[in-house]
Amino acid sequence: MKKAHIMALTGIAFFMALAAEVNARVRITTTTPDAAAIAKTIGGQHVVVTSLTKGVSDPHYLTARPSMIHRVFRSDLLIIVGADLEAGWLPAVLEAGRNAKVRPGGRGHLDLSRFVKLRNVPTGTVSRAQGDVHLKGDPHYHLDPANGLVMASAIAGKLAELDPDNARTYTSNLRAFHDRLRRHIADWRSRLVAMRGRPVVTYHKSFRYLAAAFGFRVISEIEPLPGIAPTASHLIRLVKRIKSQNVKLVLSEAFRPRQPLDFVRRNAGVAVVIIPHSVAPSAGIKTYTDLFERIVSAVEKSGSAGR
Amino acid sequence: MNIFRPKLALLAAAAGCVLASPPMAHAQDKTDLKKSIEALRKDMQSMRRAYEWRIKRMQRRIELLEKKSTTAKGQVRPRPRKNAGATATANKAASARRPSPNKTQKRPAKPTATVQLGPRAKLDLMFGVSASVVAGGSSASRDNLGTLLSGHHDPKQNGIGLQNLEVFFGGTVDPYFAAKGTITVQVTPEGETEIELEELYLTTRSLPYGLQAKFGLFYADFGRGNQLHQHQRSFVDTPFVLTRIFGDDGLRNPAASIAWLTPLPWFSEVVLGTMMPTGETASSFFGEAGEDLAGFVRMDRSVKHLRDLVYFVRWVHGFDISPTVATKAGLSLITGPNSTGRRARTYIFGGDIFVKWRPEKTQRGFPFVAVTLEALYRIFEGADTSDPTHAVLRDYGLYAQLVWGVRPGWAAGLRVGWAQGSRGSSADPLRNNRLRLSLNLTWLPSEFSLVRLQYSHDRAPHLPGGNAHSVWLQLQISLGDHFAHKF
C-alpha cells in the first residue's frame, strides 16, 4: 500500500517536473513556417515553436480555424509577417484568443515587417481597380535572404527581452545563424550570377524581393492584376512580350493553376520553374536555408542560369 | 561578433565558377565572368551597407539586455554599487542610452540609414460597407412573398430590390475594450428607407483566466445561423427555421455575456449571457404587443424582475480533424418569459455543426467544401397554466447546407430547410410543415464582389397550390476595410 503511494507520488512529481520544464520554455507561435524555422534556430531548446500555417497554401487566403485560437491563447510570443498579409484571418483569431500579451501593442507581439525595408509601398491614391494591392507594401520580404538576417536579429532581440536568462544562448545562436546564412548567400548569388539583369515573368507579384536579391528583372506577371485570374487576351499579350523581350524563365509557386503557365510555356517557349515560396516542413523544406537551396537549384536546373 | 566573410566566399565562388567552366571557354566568356563577379562584389557591398547597420543596432540591444540580465542575477557587475537605488539609476541610464527605433531613424549612423522601415503606422480603426442588390422573382403572389421569404433582408418583391446596405465599423477603444457596430439601410417595396442599428457592442481585451465579456446590442450567441449577417450567408435568403423561431431579424437585443475559454486541450468555449426580452427582435419572448402566435395574443409586458430577462448558454468546440479538415460544433440553450401570459416561458434548444475541408494546395482559397447542419427546438408556453386556453407549442426544424468551392472564383451551394410545429394549422405560415430546397451558383470575380444565381423550390401549405418556385440573381459588393472572417 505504502509502496503504491510512494510510486504514485513519484509519478506525480515526475510529471509536474516535466510540465514545469515545458512551461519554462518560451511558447512561440508564428503565422508562417519561415519565421518558425528561424525562431527554432535562434531559440534552440529554450523555445517551443508552432506555425499556424503550413507553407504550402496561398498565404493570402487562409481560414481562421478554432485550433488557431487555442494556440494563440497559449502563447508567450506571436511572430507575424505583418504588412496586412494576415489581415484576412489573424484579427479574428486574436480577438477570440483573449491573450492581450500577444495582441498588437503587447510585449509578446512581434511584427517582423517593422524591421525590414518594404518594397513597393504604394503612394498617392490606391484603388482596388488595381487588384488586391498591398497597401502597406509587399509582404513577401522573407524571399530576400538578407531579410532573413534581419528577421533573425529581431527574433533574437525579442527572445532576449522575454527570457533574459537565456539571452546569451540566443545571441550565440544568432551569431551562428548569421555566419551560416551569409556564407550561403554568397554561394547562392554566385550560383545565380548569370541571372543578373535577366528578364523574368512571375505568376503573382510575390517574387520581387527574390528578384532584387539575385538581380533579375521581373518584367510582367501571369496575373493581369494582383489576385485577378489571367484572361486569354492578357496571356496572348504576355506571350508576345515574352518573345520580344527574350524572357527565358517563368517563376511560379506550386499552388498556382497550371493551365495559364502551360499556355505560356507552349506558346512562348520559356522554361516554367515551380519554386517553393515558403519553408514547408511537409514538403521537406525544414529550414530557412533549405528554402533558398531549393529555389536556387530549381533555377539552376532549368538551365536559365547557365551562361 | 561581426564575422562577415564575403571576400573569402567570393573567392571560393569565383574559383568554383572558373573550375566549373569548360576548358574551351572563350576569352569573351572570361570577361563576362569577371564582370559578373565584379557586379556580385558590388552587390554584396551594397547589401552589407543596407543591412549591417540594422543588424548591428539590434545586436547592441540584445547585448544590453544580456548585460542587464547578468547584472540582475548578481553574477557580473560592471561597477560596485552602493545601493539598489544606484543600480536603478544605472539601468535607467542604460535604457536611455539604448537607441529607440525612432531615434535611430532620425539620426542615421550611415547615409543609407535614412530608409523608412516597415509600413507606416495606422490606427486600428475599421470602416467598411457591404451592399446587396437582388433581381428576380417568385411564382408566389406579392402578398404571399412576405410569408414565403420572411427574413428581414430576404427579397421583398419581384423585380429589382436593394436587399441590404450594411455599414460596419470597429476598433480598439483602449487597452481594455474593443468596439464593433453595424448599421443597416434598407429600401422597402413601398420606397421608404429604413435605417437600423443592427449591432453595437464592446468586448473586453484583457480579462484573466481566458474570460471575455461582451456588452451592448448584439445577436444572441445561439447556434451558428443567428449570428451571421446577411452577406455572410452563402445563400440569397435566410433559412426559415431561423426566422420562424427567432423572428424576421434574428434574435438580437441589448445584452451582456461572458465567454470562457476552457483549459481543455482544444478550442472549447462556454458562453453565458443575459438579454432583454422586449421588441420584435425577441419574437419568441415578449415580441410586439398585440401580435399573436397560434392564437395566443401577446400582452404588453415589461421587465420587472431578474426572471423576466432572457438567459442563454452555449458550449462550442472546435478542432482540426485532419490537417485539411476543421470543425466547430456547439450546443445552445436559451430561456426567457413570453408575453402570452404573466408566467408563460419559452425554451429553445439548438445544436450546430460546421465542417470545412480545404486541401493544402489552394488557389485563392479554392477548392473547399463547407457543410453546415443546424437544428432547433422550441417549447413555447401559450398563456399561463391557470388559463383554460393554456397549451404548449412545440416547433422544430433544421437546415443543412453544403457549399462547394469548385475552382478559383466559383462556388456551388445546396441547402435543404425544413420546419414543423406541433398542432400547427397548415394555413399558419409560422407553424405549418414547410420545406425548401435551394440551389445556387456563385461567381466571385475578386474578394470584394460576387454574383449569385439561386433557384429555390418551396413546399408551403399556406400558399395557393402549396408550392412556389423562385429565381434570384444577387450582386454583392464590399467597400473599404474588410473584417477578418470568423470560422
# chains A, B, ... in the order shown; residues from 1 in each chain; ligands from 1
>>> select_by_dssp(residues="segment 197-289 of chain B", states="helix (DSSP H, G or I)", output="list in words")
Gly225, Asn226, Gln227, Gln230, His231, Gln232, Phe240, Val241, Leu242, Thr243, Arg244, Ile245, Phe246, Glu280, Thr281 and Ala282 of chain B
>>> interface_residues(of="chain A", to="chain B", cutoff="6 Å", atoms="only C-alpha atoms", output="JSON, numbers by chain")
{"A": [56, 57, 61, 64, 65, 66, 67, 70, 88, 89, 91, 92, 100, 113, 114, 115, 116, 117, 118, 136, 150, 157, 164, 167, 190, 255, 256]}
>>> atom_distance(atom1="atom CA of Pro257 of chain A", atom2="atom CA of His204 of chain A")
11.6 Å
>>> residues_around(residues="Gly295 of chain B", least_positions_apart="6", cutoff="12 Å", atoms="only C-alpha atoms", output="ChimeraX atom specification")
/B:340,382-383,389-391,393,423-425,428,430-431
>>> closest_residue(among="A:Thr31, A:Leu77, A:Tyr141, A:Ser244", to="Leu90 of chain A", atoms="only C-alpha atoms")
A:Thr31
>>> closest_residue(among="A:Val93, A:Met151, A:Ile80, A:Leu162", to="Phe177 of chain A", atoms="only C-alpha atoms")
A:Met151
>>> select_by_dssp(residues="segment 180-281 of chain A", states="strand (DSSP E or B)", output="PDB file with C-alpha atoms, in the first residue's frame")
ATOM      1  CA  PRO A 199      14.124  39.489 -67.651  1.00  0.00           C
ATOM      2  CA  VAL A 200      11.764  37.108 -65.826  1.00  0.00           C
ATOM      3  CA  VAL A 201       7.991  36.656 -65.639  1.00  0.00           C
ATOM      4  CA  THR A 202       6.308  35.554 -62.402  1.00  0.00           C
ATOM      5  CA  ARG A 217      14.177  41.865 -63.545  1.00  0.00           C
ATOM      6  CA  VAL A 218      10.504  40.913 -63.254  1.00  0.00           C
ATOM      7  CA  ILE A 219       9.001  42.422 -66.395  1.00  0.00           C
ATOM      8  CA  SER A 220       5.440  41.142 -66.066  1.00  0.00           C
ATOM      9  CA  GLU A 221       3.098  38.744 -64.280  1.00  0.00           C
ATOM     10  CA  LEU A 249      12.187  31.950 -67.377  1.00  0.00           C
ATOM     11  CA  VAL A 250       8.747  31.998 -65.756  1.00  0.00           C
ATOM     12  CA  LEU A 251       8.624  31.531 -61.978  1.00  0.00           C
ATOM     13  CA  SER A 252       5.568  30.336 -60.087  1.00  0.00           C
ATOM     14  CA  ALA A 271      11.002  27.396 -69.058  1.00  0.00           C
ATOM     15  CA  VAL A 272       8.373  27.355 -66.303  1.00  0.00           C
ATOM     16  CA  VAL A 273      10.046  26.750 -62.974  1.00  0.00           C
ATOM     17  CA  ILE A 274       7.966  25.923 -59.927  1.00  0.00           C
ATOM     18  CA  ALA A 280       7.182  23.888 -45.659  1.00  0.00           C
TER      19      ALA A 280
END
